[in-house]
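*Asks:* The structure file protein-v5.txt (compact mmCIF, N, CA and C atoms and all ligand atoms) is provided below.
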```
# COMPACT_ATOMS: atom_id res chain seq x y z
N MET A 15 -3.29 80.75 56.28
CA MET A 15 -3.02 81.26 57.64
C MET A 15 -2.46 80.16 58.53
N LYS A 16 -3.14 79.00 58.48
CA LYS A 16 -2.71 77.84 59.27
C LYS A 16 -1.28 77.45 58.90
N LYS A 17 -1.04 77.51 57.58
CA LYS A 17 0.28 77.11 57.07
C LYS A 17 1.36 78.04 57.61
N THR A 18 1.04 79.34 57.63
CA THR A 18 2.00 80.33 58.12
C THR A 18 2.34 80.06 59.58
N ALA A 19 1.27 79.76 60.36
CA ALA A 19 1.48 79.49 61.79
C ALA A 19 2.36 78.26 61.97
N LEU A 20 2.10 77.24 61.15
CA LEU A 20 2.87 76.00 61.22
C LEU A 20 4.34 76.26 60.90
N LEU A 21 4.55 77.07 59.86
CA LEU A 21 5.91 77.41 59.44
C LEU A 21 6.63 78.17 60.56
N PHE A 22 5.90 79.09 61.16
CA PHE A 22 6.45 79.91 62.25
C PHE A 22 6.90 79.00 63.41
N CYS A 23 6.02 78.05 63.75
CA CYS A 23 6.33 77.13 64.84
C CYS A 23 7.55 76.26 64.51
N SER A 24 7.63 75.82 63.25
CA SER A 24 8.76 74.98 62.86
C SER A 24 10.06 75.74 62.99
N VAL A 25 10.03 77.02 62.58
CA VAL A 25 11.24 77.84 62.65
C VAL A 25 11.65 78.02 64.12
N LEU A 26 10.65 78.30 64.96
CA LEU A 26 10.92 78.46 66.40
C LEU A 26 11.56 77.22 66.99
N LEU A 27 10.97 76.06 66.64
CA LEU A 27 11.45 74.79 67.16
C LEU A 27 12.88 74.53 66.69
N ALA A 28 13.11 74.77 65.41
CA ALA A 28 14.44 74.54 64.84
C ALA A 28 15.48 75.41 65.53
N THR A 29 15.12 76.67 65.78
CA THR A 29 16.04 77.60 66.44
C THR A 29 16.36 77.11 67.85
N ALA A 30 15.30 76.70 68.56
CA ALA A 30 15.50 76.22 69.94
C ALA A 30 16.38 74.98 69.95
N LEU A 31 16.12 74.06 69.02
CA LEU A 31 16.90 72.82 68.97
C LEU A 31 18.36 73.10 68.65
N SER A 32 18.60 73.99 67.71
CA SER A 32 19.99 74.25 67.34
C SER A 32 20.73 74.98 68.46
N ALA A 33 20.01 75.81 69.24
CA ALA A 33 20.63 76.48 70.38
C ALA A 33 21.05 75.44 71.42
N THR A 34 20.17 74.43 71.64
CA THR A 34 20.49 73.37 72.60
C THR A 34 21.69 72.58 72.11
N ALA A 35 21.67 72.23 70.84
CA ALA A 35 22.76 71.44 70.27
C ALA A 35 24.08 72.19 70.43
N GLN A 36 24.04 73.48 70.21
CA GLN A 36 25.22 74.34 70.34
C GLN A 36 25.77 74.26 71.77
N ALA A 37 24.84 74.43 72.76
CA ALA A 37 25.26 74.41 74.15
C ALA A 37 25.80 73.03 74.52
N ASP A 38 25.17 71.98 73.98
CA ASP A 38 25.58 70.62 74.30
C ASP A 38 26.94 70.28 73.71
N ASN A 39 27.32 71.01 72.67
CA ASN A 39 28.57 70.67 72.01
C ASN A 39 29.69 71.65 72.28
N GLU A 40 29.69 72.17 73.51
CA GLU A 40 30.70 73.17 73.86
C GLU A 40 32.12 72.65 73.74
N VAL A 41 32.33 71.38 74.10
CA VAL A 41 33.70 70.81 74.01
C VAL A 41 34.13 70.81 72.54
N LYS A 42 33.19 70.37 71.69
CA LYS A 42 33.47 70.30 70.26
C LYS A 42 33.81 71.69 69.72
N THR A 43 32.99 72.67 70.06
CA THR A 43 33.20 74.04 69.59
C THR A 43 34.54 74.59 70.07
N THR A 44 34.86 74.35 71.36
CA THR A 44 36.12 74.86 71.90
C THR A 44 37.30 74.12 71.27
N MET A 45 37.14 72.82 71.05
CA MET A 45 38.20 72.04 70.40
C MET A 45 38.47 72.58 68.99
N LYS A 46 37.41 73.00 68.33
CA LYS A 46 37.58 73.55 66.98
C LYS A 46 38.48 74.78 67.04
N SER A 47 38.25 75.63 68.03
CA SER A 47 39.06 76.84 68.12
C SER A 47 40.49 76.51 68.58
N ILE A 48 40.63 75.47 69.41
CA ILE A 48 41.97 74.99 69.79
C ILE A 48 42.71 74.51 68.52
N GLY A 49 41.96 73.80 67.68
CA GLY A 49 42.53 73.29 66.44
C GLY A 49 43.01 74.41 65.52
N LYS A 50 42.22 75.49 65.48
CA LYS A 50 42.55 76.63 64.64
C LYS A 50 43.85 77.29 65.12
N SER A 51 43.92 77.58 66.43
CA SER A 51 45.11 78.21 67.00
C SER A 51 46.33 77.33 66.80
N PHE A 52 46.14 76.03 67.04
CA PHE A 52 47.27 75.12 66.91
C PHE A 52 47.76 75.08 65.45
N GLY A 53 46.82 75.00 64.53
CA GLY A 53 47.17 74.95 63.11
C GLY A 53 47.97 76.16 62.67
N THR A 54 47.54 77.35 63.13
CA THR A 54 48.26 78.58 62.76
C THR A 54 49.66 78.57 63.37
N ALA A 55 49.76 78.17 64.65
CA ALA A 55 51.07 78.16 65.33
C ALA A 55 52.02 77.17 64.65
N GLU A 56 51.46 76.04 64.25
CA GLU A 56 52.28 74.99 63.65
C GLU A 56 52.83 75.40 62.28
N LYS A 57 52.04 76.19 61.55
CA LYS A 57 52.42 76.51 60.17
C LYS A 57 53.43 77.64 60.04
N THR A 58 53.53 78.51 61.06
CA THR A 58 54.36 79.69 60.91
C THR A 58 55.73 79.56 61.60
N ASP A 59 56.68 80.37 61.14
CA ASP A 59 57.99 80.45 61.82
C ASP A 59 58.10 81.78 62.55
N ASP A 60 57.01 82.52 62.58
CA ASP A 60 57.01 83.84 63.21
C ASP A 60 56.69 83.67 64.71
N LEU A 61 57.72 83.87 65.53
CA LEU A 61 57.55 83.63 66.98
C LEU A 61 56.46 84.50 67.61
N ALA A 62 56.29 85.72 67.08
CA ALA A 62 55.26 86.61 67.64
C ALA A 62 53.88 86.00 67.41
N VAL A 63 53.67 85.44 66.22
CA VAL A 63 52.39 84.81 65.90
C VAL A 63 52.21 83.56 66.76
N ILE A 64 53.27 82.77 66.88
CA ILE A 64 53.20 81.54 67.69
C ILE A 64 52.82 81.90 69.14
N LYS A 65 53.46 82.95 69.66
CA LYS A 65 53.18 83.36 71.05
C LYS A 65 51.72 83.75 71.22
N ALA A 66 51.21 84.52 70.26
CA ALA A 66 49.82 84.97 70.34
C ALA A 66 48.87 83.77 70.28
N GLU A 67 49.15 82.84 69.37
CA GLU A 67 48.27 81.66 69.23
C GLU A 67 48.35 80.77 70.47
N LEU A 68 49.55 80.65 71.05
CA LEU A 68 49.69 79.83 72.26
C LEU A 68 48.91 80.42 73.42
N ALA A 69 48.87 81.75 73.48
CA ALA A 69 48.10 82.40 74.56
C ALA A 69 46.61 82.10 74.40
N THR A 70 46.11 82.19 73.15
CA THR A 70 44.70 81.88 72.87
C THR A 70 44.41 80.41 73.17
N LEU A 71 45.34 79.57 72.72
CA LEU A 71 45.21 78.12 72.92
C LEU A 71 45.13 77.79 74.41
N ARG A 72 46.00 78.42 75.20
CA ARG A 72 46.03 78.18 76.65
C ARG A 72 44.68 78.55 77.28
N GLU A 73 44.18 79.71 76.87
CA GLU A 73 42.89 80.18 77.39
C GLU A 73 41.77 79.18 77.05
N SER A 74 41.76 78.70 75.80
CA SER A 74 40.72 77.75 75.38
C SER A 74 40.84 76.44 76.15
N VAL A 75 42.08 76.00 76.41
CA VAL A 75 42.25 74.74 77.15
C VAL A 75 41.75 74.90 78.59
N THR A 76 41.97 76.05 79.20
CA THR A 76 41.46 76.23 80.57
C THR A 76 39.92 76.29 80.55
N GLN A 77 39.34 76.77 79.45
CA GLN A 77 37.87 76.76 79.31
C GLN A 77 37.35 75.32 79.19
N VAL A 78 37.99 74.56 78.29
CA VAL A 78 37.50 73.21 77.98
C VAL A 78 37.70 72.26 79.18
N GLN A 79 38.62 72.63 80.07
CA GLN A 79 38.85 71.85 81.29
C GLN A 79 37.62 71.87 82.19
N LYS A 80 36.84 72.95 82.09
CA LYS A 80 35.65 73.09 82.95
C LYS A 80 34.46 72.32 82.39
N LEU A 81 34.60 71.80 81.17
CA LEU A 81 33.48 71.14 80.50
C LEU A 81 33.67 69.62 80.48
N VAL A 82 32.57 68.94 80.17
CA VAL A 82 32.62 67.48 80.04
C VAL A 82 32.15 67.13 78.63
N PRO A 83 32.92 66.31 77.89
CA PRO A 83 32.48 65.94 76.55
C PRO A 83 31.12 65.25 76.58
N GLU A 84 30.35 65.52 75.56
CA GLU A 84 28.98 64.99 75.47
C GLU A 84 28.92 63.49 75.73
N HIS A 85 29.80 62.74 75.10
CA HIS A 85 29.70 61.27 75.21
C HIS A 85 30.18 60.74 76.56
N LEU A 86 30.70 61.62 77.41
CA LEU A 86 31.16 61.17 78.74
C LEU A 86 30.25 61.68 79.86
N LYS A 87 29.23 62.44 79.45
CA LYS A 87 28.37 63.07 80.46
C LYS A 87 27.59 62.08 81.31
N ASN A 88 27.30 60.91 80.73
CA ASN A 88 26.53 59.91 81.49
C ASN A 88 27.42 59.04 82.37
N GLN A 89 28.71 59.33 82.38
CA GLN A 89 29.62 58.53 83.21
C GLN A 89 29.89 59.24 84.54
N PRO A 90 30.18 58.48 85.59
CA PRO A 90 30.51 59.13 86.85
C PRO A 90 31.82 59.91 86.73
N ALA A 91 31.98 60.94 87.54
CA ALA A 91 33.14 61.82 87.43
C ALA A 91 34.46 61.08 87.62
N ASP A 92 34.41 59.91 88.30
CA ASP A 92 35.66 59.18 88.52
C ASP A 92 35.82 57.99 87.58
N SER A 93 35.05 57.98 86.46
CA SER A 93 35.20 56.89 85.49
C SER A 93 36.56 57.00 84.80
N ALA A 94 37.03 55.89 84.25
CA ALA A 94 38.35 55.86 83.61
C ALA A 94 38.47 56.92 82.52
N ASP A 95 37.43 57.05 81.68
CA ASP A 95 37.49 58.01 80.58
C ASP A 95 37.44 59.46 81.05
N ARG A 96 36.63 59.71 82.06
CA ARG A 96 36.56 61.09 82.60
C ARG A 96 37.92 61.47 83.19
N LYS A 97 38.58 60.51 83.83
CA LYS A 97 39.91 60.77 84.39
C LYS A 97 40.92 61.01 83.28
N LEU A 98 40.79 60.22 82.20
CA LEU A 98 41.69 60.38 81.06
C LEU A 98 41.57 61.78 80.46
N TYR A 99 40.34 62.24 80.36
CA TYR A 99 40.07 63.57 79.81
C TYR A 99 40.80 64.64 80.66
N THR A 100 40.64 64.57 81.97
CA THR A 100 41.27 65.52 82.88
C THR A 100 42.80 65.43 82.77
N GLU A 101 43.27 64.19 82.77
CA GLU A 101 44.72 63.94 82.72
C GLU A 101 45.34 64.49 81.42
N GLY A 102 44.66 64.23 80.30
CA GLY A 102 45.18 64.66 79.01
C GLY A 102 45.27 66.19 78.89
N LEU A 103 44.25 66.86 79.41
CA LEU A 103 44.26 68.32 79.32
C LEU A 103 45.30 68.94 80.25
N ALA A 104 45.52 68.29 81.41
CA ALA A 104 46.55 68.78 82.34
C ALA A 104 47.93 68.63 81.67
N LYS A 105 48.12 67.50 81.01
CA LYS A 105 49.39 67.25 80.30
C LYS A 105 49.59 68.30 79.20
N LEU A 106 48.49 68.56 78.48
CA LEU A 106 48.55 69.55 77.40
C LEU A 106 48.96 70.92 77.94
N LEU A 107 48.40 71.28 79.09
CA LEU A 107 48.73 72.59 79.68
C LEU A 107 50.22 72.70 80.03
N THR A 108 50.79 71.63 80.58
CA THR A 108 52.23 71.69 80.90
C THR A 108 53.04 71.82 79.62
N GLN A 109 52.59 71.16 78.56
CA GLN A 109 53.30 71.25 77.28
C GLN A 109 53.15 72.64 76.66
N ILE A 110 51.99 73.26 76.88
CA ILE A 110 51.80 74.63 76.38
C ILE A 110 52.75 75.57 77.14
N ASP A 111 52.87 75.35 78.45
CA ASP A 111 53.79 76.16 79.25
C ASP A 111 55.22 76.05 78.70
N ALA A 112 55.62 74.82 78.38
CA ALA A 112 56.97 74.60 77.86
C ALA A 112 57.15 75.29 76.51
N ALA A 113 56.11 75.21 75.67
CA ALA A 113 56.17 75.85 74.35
C ALA A 113 56.25 77.37 74.52
N GLN A 114 55.50 77.90 75.47
CA GLN A 114 55.52 79.36 75.70
C GLN A 114 56.89 79.80 76.22
N ALA A 115 57.48 78.98 77.11
CA ALA A 115 58.80 79.31 77.65
C ALA A 115 59.83 79.34 76.51
N ALA A 116 59.77 78.34 75.63
CA ALA A 116 60.71 78.27 74.51
C ALA A 116 60.50 79.47 73.58
N ALA A 117 59.25 79.79 73.30
CA ALA A 117 58.96 80.92 72.41
C ALA A 117 59.41 82.23 73.03
N ASN A 118 59.21 82.37 74.35
CA ASN A 118 59.62 83.61 75.03
C ASN A 118 61.13 83.77 75.04
N SER A 119 61.87 82.67 74.99
CA SER A 119 63.33 82.83 74.93
C SER A 119 63.83 82.90 73.49
N GLY A 120 62.91 83.00 72.56
CA GLY A 120 63.28 83.24 71.17
C GLY A 120 63.85 82.01 70.46
N LYS A 121 63.59 80.83 71.03
CA LYS A 121 64.16 79.60 70.44
C LYS A 121 63.12 78.91 69.54
N LEU A 122 63.21 79.20 68.25
CA LEU A 122 62.22 78.66 67.30
C LEU A 122 62.28 77.14 67.23
N GLY A 123 63.49 76.59 67.18
CA GLY A 123 63.64 75.13 67.07
C GLY A 123 62.98 74.41 68.25
N GLU A 124 63.29 74.92 69.44
CA GLU A 124 62.71 74.31 70.65
C GLU A 124 61.20 74.47 70.69
N THR A 125 60.74 75.63 70.20
CA THR A 125 59.28 75.88 70.18
C THR A 125 58.60 74.87 69.27
N LYS A 126 59.23 74.61 68.12
CA LYS A 126 58.64 73.65 67.16
C LYS A 126 58.57 72.24 67.75
N VAL A 127 59.64 71.87 68.48
CA VAL A 127 59.65 70.56 69.13
C VAL A 127 58.51 70.50 70.16
N ALA A 128 58.37 71.59 70.94
CA ALA A 128 57.32 71.64 71.96
C ALA A 128 55.94 71.54 71.31
N LEU A 129 55.78 72.17 70.14
CA LEU A 129 54.48 72.10 69.45
C LEU A 129 54.20 70.67 68.97
N ALA A 130 55.28 69.99 68.55
CA ALA A 130 55.12 68.60 68.11
C ALA A 130 54.67 67.73 69.30
N ASN A 131 55.15 68.07 70.50
CA ASN A 131 54.72 67.32 71.69
C ASN A 131 53.22 67.50 71.95
N LEU A 132 52.73 68.70 71.71
CA LEU A 132 51.29 68.98 71.87
C LEU A 132 50.49 68.09 70.92
N LYS A 133 51.01 67.98 69.70
CA LYS A 133 50.33 67.20 68.68
C LYS A 133 50.28 65.72 69.07
N ALA A 134 51.39 65.24 69.64
CA ALA A 134 51.44 63.83 70.07
C ALA A 134 50.39 63.58 71.15
N THR A 135 50.27 64.55 72.07
CA THR A 135 49.28 64.42 73.15
C THR A 135 47.87 64.44 72.57
N ARG A 136 47.65 65.34 71.61
CA ARG A 136 46.34 65.39 70.95
C ARG A 136 46.02 64.02 70.36
N ASN A 137 46.97 63.47 69.58
CA ASN A 137 46.71 62.20 68.90
C ASN A 137 46.45 61.08 69.91
N GLU A 138 47.26 61.07 70.98
CA GLU A 138 47.13 60.03 72.00
C GLU A 138 45.73 60.05 72.64
N TYR A 139 45.30 61.25 73.05
CA TYR A 139 44.03 61.33 73.77
C TYR A 139 42.82 61.29 72.86
N HIS A 140 42.98 61.76 71.63
CA HIS A 140 41.85 61.64 70.70
C HIS A 140 41.58 60.16 70.43
N LYS A 141 42.67 59.40 70.32
CA LYS A 141 42.53 57.96 70.07
C LYS A 141 41.83 57.28 71.25
N LYS A 142 42.24 57.69 72.46
CA LYS A 142 41.69 57.06 73.66
C LYS A 142 40.24 57.48 73.93
N LEU A 143 39.90 58.71 73.52
CA LEU A 143 38.59 59.27 73.91
C LEU A 143 37.67 59.55 72.73
N LYS A 144 37.87 58.85 71.65
CA LYS A 144 37.03 59.05 70.46
C LYS A 144 35.54 58.97 70.82
N PRO A 145 34.74 59.97 70.42
CA PRO A 145 33.30 59.92 70.76
C PRO A 145 32.61 58.74 70.06
C1 LIG B 201 46.70 70.70 70.65
C2 LIG B 201 45.93 69.69 71.01
C3 LIG B 201 44.55 69.44 70.49
C4 LIG B 201 43.95 69.91 69.34
C5 LIG B 201 44.55 70.79 68.26
C6 LIG B 201 42.59 69.37 69.33
C7 LIG B 201 41.66 69.61 68.33
C8 LIG B 201 40.43 68.98 68.23
C9 LIG B 201 39.54 69.07 67.10
C10 LIG B 201 39.81 69.90 65.83
C11 LIG B 201 38.44 68.31 67.38
C12 LIG B 201 37.25 68.03 66.47
C13 LIG B 201 36.13 69.02 66.68
C14 LIG B 201 35.01 68.70 65.66
O1 LIG B 201 34.42 67.61 65.76
O2 LIG B 201 34.80 69.54 64.77
C15 LIG B 201 38.62 67.73 68.69
C16 LIG B 201 37.71 66.92 69.34
C17 LIG B 201 37.89 66.39 70.59
N1 LIG B 201 39.01 66.53 71.39
FE1 LIG B 201 40.67 67.59 70.95
N2 LIG B 201 42.39 68.60 70.46
C18 LIG B 201 43.55 68.62 71.18
C19 LIG B 201 43.79 67.96 72.37
C20 LIG B 201 42.87 67.21 73.05
C21 LIG B 201 43.11 66.56 74.33
C22 LIG B 201 44.44 66.59 75.09
C23 LIG B 201 41.94 65.94 74.68
C24 LIG B 201 41.59 65.13 75.89
C25 LIG B 201 42.33 65.00 76.95
C26 LIG B 201 40.98 66.19 73.63
C27 LIG B 201 39.67 65.74 73.63
C28 LIG B 201 38.79 65.86 72.57
C29 LIG B 201 37.46 65.27 72.56
C30 LIG B 201 36.81 64.46 73.68
C31 LIG B 201 36.89 65.62 71.32
C32 LIG B 201 35.48 65.25 70.84
C33 LIG B 201 34.49 66.33 71.22
C34 LIG B 201 33.05 65.99 70.80
O3 LIG B 201 32.82 65.80 69.60
O4 LIG B 201 32.20 65.92 71.69
N3 LIG B 201 41.58 66.99 72.65
N4 LIG B 201 39.84 68.16 69.19
```
Would you mind writing the structure in this file as structure tokens?

*Replies:*
Amino acid sequence: MKKTALLFCSVLLATALSATAQADNEVKTTMKSIGKSFGTAEKTDDLAVIKAELATLRESVTQVQKLVPEHLKNQPADSADRKLYTEGLAKLLTQIDAAQAAANSGKLGETKVALANLKATRNEYHKKLKP
């Protein structure tokens, strides 16, 4: 009986801890979905698919803009890294706009170039803001 109660408590604790970890890692979770959309857009030549993924990507970026990465939470809002985070996402949004404009005018070549710009921004800021 005691053992059952102990097991029950452990399960409860584990569930609570994983729920907290999930909430704490919102940037990571949202970045994962950004990565998924970007990967699909990058791999296809189908402009309709690219447009749909860019719309999802844009939505996720506006979500992640409201969050603070876990490793930057203990820094003041005006710290160099917190500013970099804001700056990088703003840059990404302008590049998404450009990619959407190119895709909407049916220009696959230009859309691909615009997507490559997004990737460069990702690489630049991931390097600067590595957790
Ligand atoms: C299209 C552009 C981008 C893509 C596809 C992308 C994708 C990803 C992926 C897949 C991860 C790893 C998630 C994991 O650990 O499983 C990640 C992490 C991260 N990204 Fe991005 N990212 C992009 C742009 C950016 C930009 C512009 C910034 C900052 C200005 C940024 C900041 C971060 C940070 C801080 C993490 C670490 C989160 C954490 O573990 O707490 N990303 N990103």

*Asks:* Could you name the residues that touch stretch 112-123 of chain A at 8 Å or less, counting only N, CA and C atoms, but leaving out those on the same chain fewer than 2 positions away, as a PDB file with N, CA and C atoms, in the frame of the given file?

*Replies:*
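And here's around29.pdb as it stands now:
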```
ATOM      1  N   ASP A  59      56.680  80.370  61.140  1.00  0.00           N
ATOM      2  CA  ASP A  59      57.990  80.450  61.820  1.00  0.00           C
ATOM      3  C   ASP A  59      58.100  81.780  62.550  1.00  0.00           C
ATOM      4  N   ASP A  60      57.010  82.520  62.580  1.00  0.00           N
ATOM      5  CA  ASP A  60      57.010  83.840  63.210  1.00  0.00           C
ATOM      6  C   ASP A  60      56.690  83.670  64.710  1.00  0.00           C
ATOM      7  N   LEU A  61      57.720  83.870  65.530  1.00  0.00           N
ATOM      8  CA  LEU A  61      57.550  83.630  66.980  1.00  0.00           C
ATOM      9  C   LEU A  61      56.460  84.500  67.610  1.00  0.00           C
ATOM     10  N   ALA A  62      56.290  85.720  67.080  1.00  0.00           N
ATOM     11  CA  ALA A  62      55.260  86.610  67.640  1.00  0.00           C
ATOM     12  C   ALA A  62      53.880  86.000  67.410  1.00  0.00           C
ATOM     13  N   ILE A  64      53.270  82.770  66.880  1.00  0.00           N
ATOM     14  CA  ILE A  64      53.200  81.540  67.690  1.00  0.00           C
ATOM     15  C   ILE A  64      52.820  81.900  69.140  1.00  0.00           C
ATOM     16  N   LYS A  65      53.460  82.950  69.660  1.00  0.00           N
ATOM     17  CA  LYS A  65      53.180  83.360  71.050  1.00  0.00           C
ATOM     18  C   LYS A  65      51.720  83.750  71.220  1.00  0.00           C
ATOM     19  N   LEU A  68      49.550  80.650  71.050  1.00  0.00           N
ATOM     20  CA  LEU A  68      49.690  79.830  72.260  1.00  0.00           C
ATOM     21  C   LEU A  68      48.910  80.420  73.420  1.00  0.00           C
ATOM     22  N   ALA A  69      48.870  81.750  73.480  1.00  0.00           N
ATOM     23  CA  ALA A  69      48.100  82.400  74.560  1.00  0.00           C
ATOM     24  C   ALA A  69      46.610  82.100  74.400  1.00  0.00           C
ATOM     25  N   LEU A 106      48.490  68.560  78.480  1.00  0.00           N
ATOM     26  CA  LEU A 106      48.550  69.550  77.400  1.00  0.00           C
ATOM     27  C   LEU A 106      48.960  70.920  77.940  1.00  0.00           C
ATOM     28  N   LEU A 107      48.400  71.280  79.090  1.00  0.00           N
ATOM     29  CA  LEU A 107      48.730  72.590  79.680  1.00  0.00           C
ATOM     30  C   LEU A 107      50.220  72.700  80.030  1.00  0.00           C
ATOM     31  N   THR A 108      50.790  71.630  80.580  1.00  0.00           N
ATOM     32  CA  THR A 108      52.230  71.690  80.900  1.00  0.00           C
ATOM     33  C   THR A 108      53.040  71.820  79.620  1.00  0.00           C
ATOM     34  N   GLN A 109      52.590  71.160  78.560  1.00  0.00           N
ATOM     35  CA  GLN A 109      53.300  71.250  77.280  1.00  0.00           C
ATOM     36  C   GLN A 109      53.150  72.640  76.660  1.00  0.00           C
ATOM     37  N   ILE A 110      51.990  73.260  76.880  1.00  0.00           N
ATOM     38  CA  ILE A 110      51.800  74.630  76.380  1.00  0.00           C
ATOM     39  C   ILE A 110      52.750  75.570  77.140  1.00  0.00           C
ATOM     40  N   THR A 125      60.740  75.630  70.200  1.00  0.00           N
ATOM     41  CA  THR A 125      59.280  75.880  70.180  1.00  0.00           C
ATOM     42  C   THR A 125      58.600  74.870  69.270  1.00  0.00           C
ATOM     43  N   LYS A 126      59.230  74.610  68.120  1.00  0.00           N
ATOM     44  CA  LYS A 126      58.640  73.650  67.160  1.00  0.00           C
ATOM     45  C   LYS A 126      58.570  72.240  67.750  1.00  0.00           C
ATOM     46  N   VAL A 127      59.640  71.870  68.480  1.00  0.00           N
ATOM     47  CA  VAL A 127      59.650  70.560  69.130  1.00  0.00           C
ATOM     48  C   VAL A 127      58.510  70.500  70.160  1.00  0.00           C
ATOM     49  N   ALA A 128      58.370  71.590  70.940  1.00  0.00           N
ATOM     50  CA  ALA A 128      57.320  71.640  71.960  1.00  0.00           C
ATOM     51  C   ALA A 128      55.940  71.540  71.310  1.00  0.00           C
ATOM     52  N   LEU A 129      55.780  72.170  70.140  1.00  0.00           N
ATOM     53  CA  LEU A 129      54.480  72.100  69.450  1.00  0.00           C
ATOM     54  C   LEU A 129      54.200  70.670  68.970  1.00  0.00           C
TER      55      LEU A 129
END
```

*Asks:* Of the residues A:Asn39, A:Tyr99, A:Glu124, A:Leu71, which is the one nearest to A:Phe52, using all atoms listed in the file?

*Replies:*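 Of A:Asn39, A:Tyr99, A:Glu124, A:Leu71, the one nearest A:Phe52, counting all atoms listed in the file, is A:Leu71.
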
*Asks:* If you run DSSP over the backbone, which residues in stretch 43-122 of chain A end up helix (DSSP H, G or I)? Put them as a ChimeraX atom specification.

*Replies:* /A:43-57,61-78,84-86,94-118,122

*Asks:* Report as JSON lines the residues of chain A within 6.5 Å of ligand LIG 201 (chain B), each with its shortest atom pair and distance in Å (one decimal), using only N, CA and C atoms and all ligand atoms, ordered by chain and increasing residue number.

*Replies:*
```
{"residue": "A:Asn39", "atom": "CA", "partner": "B:LIG201", "partner_atom": "O4", "distance": 6.0}
{"residue": "A:Val41", "atom": "C", "partner": "B:LIG201", "partner_atom": "C33", "distance": 4.7}
{"residue": "A:Lys42", "atom": "CA", "partner": "B:LIG201", "partner_atom": "C33", "distance": 4.2}
{"residue": "A:Thr43", "atom": "N", "partner": "B:LIG201", "partner_atom": "C13", "distance": 5.9}
{"residue": "A:Met45", "atom": "C", "partner": "B:LIG201", "partner_atom": "C9", "distance": 4.1}
{"residue": "A:Lys46", "atom": "CA", "partner": "B:LIG201", "partner_atom": "C10", "distance": 4.4}
{"residue": "A:Ser47", "atom": "N", "partner": "B:LIG201", "partner_atom": "C10", "distance": 6.3}
{"residue": "A:Ile48", "atom": "C", "partner": "B:LIG201", "partner_atom": "C5", "distance": 4.2}
{"residue": "A:Gly49", "atom": "CA", "partner": "B:LIG201", "partner_atom": "C5", "distance": 3.7}
{"residue": "A:Lys50", "atom": "N", "partner": "B:LIG201", "partner_atom": "C5", "distance": 5.9}
{"residue": "A:Phe52", "atom": "CA", "partner": "B:LIG201", "partner_atom": "C5", "distance": 5.3}
{"residue": "A:Gly53", "atom": "N", "partner": "B:LIG201", "partner_atom": "C5", "distance": 6.1}
{"residue": "A:Pro83", "atom": "CA", "partner": "B:LIG201", "partner_atom": "O4", "distance": 4.9}
{"residue": "A:Glu84", "atom": "N", "partner": "B:LIG201", "partner_atom": "O4", "distance": 4.3}
{"residue": "A:His85", "atom": "N", "partner": "B:LIG201", "partner_atom": "O4", "distance": 5.2}
{"residue": "A:Leu98", "atom": "C", "partner": "B:LIG201", "partner_atom": "C25", "distance": 4.8}
{"residue": "A:Tyr99", "atom": "CA", "partner": "B:LIG201", "partner_atom": "C25", "distance": 3.9}
{"residue": "A:Thr100", "atom": "N", "partner": "B:LIG201", "partner_atom": "C25", "distance": 5.3}
{"residue": "A:Glu101", "atom": "C", "partner": "B:LIG201", "partner_atom": "C25", "distance": 5.4}
{"residue": "A:Gly102", "atom": "CA", "partner": "B:LIG201", "partner_atom": "C25", "distance": 3.5}
{"residue": "A:Leu103", "atom": "N", "partner": "B:LIG201", "partner_atom": "C25", "distance": 3.6}
{"residue": "A:Ala104", "atom": "N", "partner": "B:LIG201", "partner_atom": "C25", "distance": 6.4}
{"residue": "A:Leu106", "atom": "CA", "partner": "B:LIG201", "partner_atom": "C22", "distance": 5.6}
{"residue": "A:Leu132", "atom": "C", "partner": "B:LIG201", "partner_atom": "C1", "distance": 4.6}
{"residue": "A:Lys133", "atom": "N", "partner": "B:LIG201", "partner_atom": "C1", "distance": 5.2}
{"residue": "A:Thr135", "atom": "C", "partner": "B:LIG201", "partner_atom": "C22", "distance": 4.8}
{"residue": "A:Arg136", "atom": "CA", "partner": "B:LIG201", "partner_atom": "C19", "distance": 3.9}
{"residue": "A:Asn137", "atom": "N", "partner": "B:LIG201", "partner_atom": "C19", "distance": 6.2}
{"residue": "A:Tyr139", "atom": "CA", "partner": "B:LIG201", "partner_atom": "C24", "distance": 5.0}
{"residue": "A:His140", "atom": "N", "partner": "B:LIG201", "partner_atom": "C26", "distance": 5.3}
{"residue": "A:Leu143", "atom": "C", "partner": "B:LIG201", "partner_atom": "C30", "distance": 5.1}
{"residue": "A:Lys144", "atom": "N", "partner": "B:LIG201", "partner_atom": "C30", "distance": 6.1}
{"residue": "A:Pro145", "atom": "N", "partner": "B:LIG201", "partner_atom": "C32", "distance": 5.3}
```

*Asks:* To one decimal in Å, tell me the separation between atom CA of A:Gln89 and atom CA of A:Ser74.

*Replies:*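 We find that atom CA of A:Gln89 and atom CA of A:Ser74 lie 23.5 Å from each other.
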
*Asks:* Which of these, A:Ala130, A:Asp111, A:Ser51, A:Lys105, has the shortest distance to A:Thr70 once you count only N, CA and C atoms?

*Replies:* A:Ser51

*Asks:* What is the distance, in Å and to one decimal place, between atom C of A:Ala66 and atom C of A:Lys141?

*Replies:*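 Atom-to-atom, atom C of A:Ala66 and atom C of A:Lys141 are spaced 27.4 Å apart.
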
*Asks:* Atom CA of A:Glu67 to atom CA of A:Thr54: how many Å, to one decimal?

*Replies:*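 That distance, rounded to one decimal, is 7.2 Å.
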
*Asks:* Pick the closest to A:Thr76 from A:Thr44, A:Lys142, A:Asn88, A:Asn131: which is it, counting only C-alpha atoms?

*Replies:*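 Of A:Thr44, A:Lys142, A:Asn88, A:Asn131, the one nearest A:Thr76 is A:Thr44, counting only C-alpha atoms.
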
*Asks:* Using only C-alpha atoms for the distances, tell me which of A:Val82, A:Val75, A:Ala91, A:Ala134 is nearest to A:Glu40.

*Replies:*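 Residue with the minimum atom-to-atom distance to A:Glu40: A:Val82.
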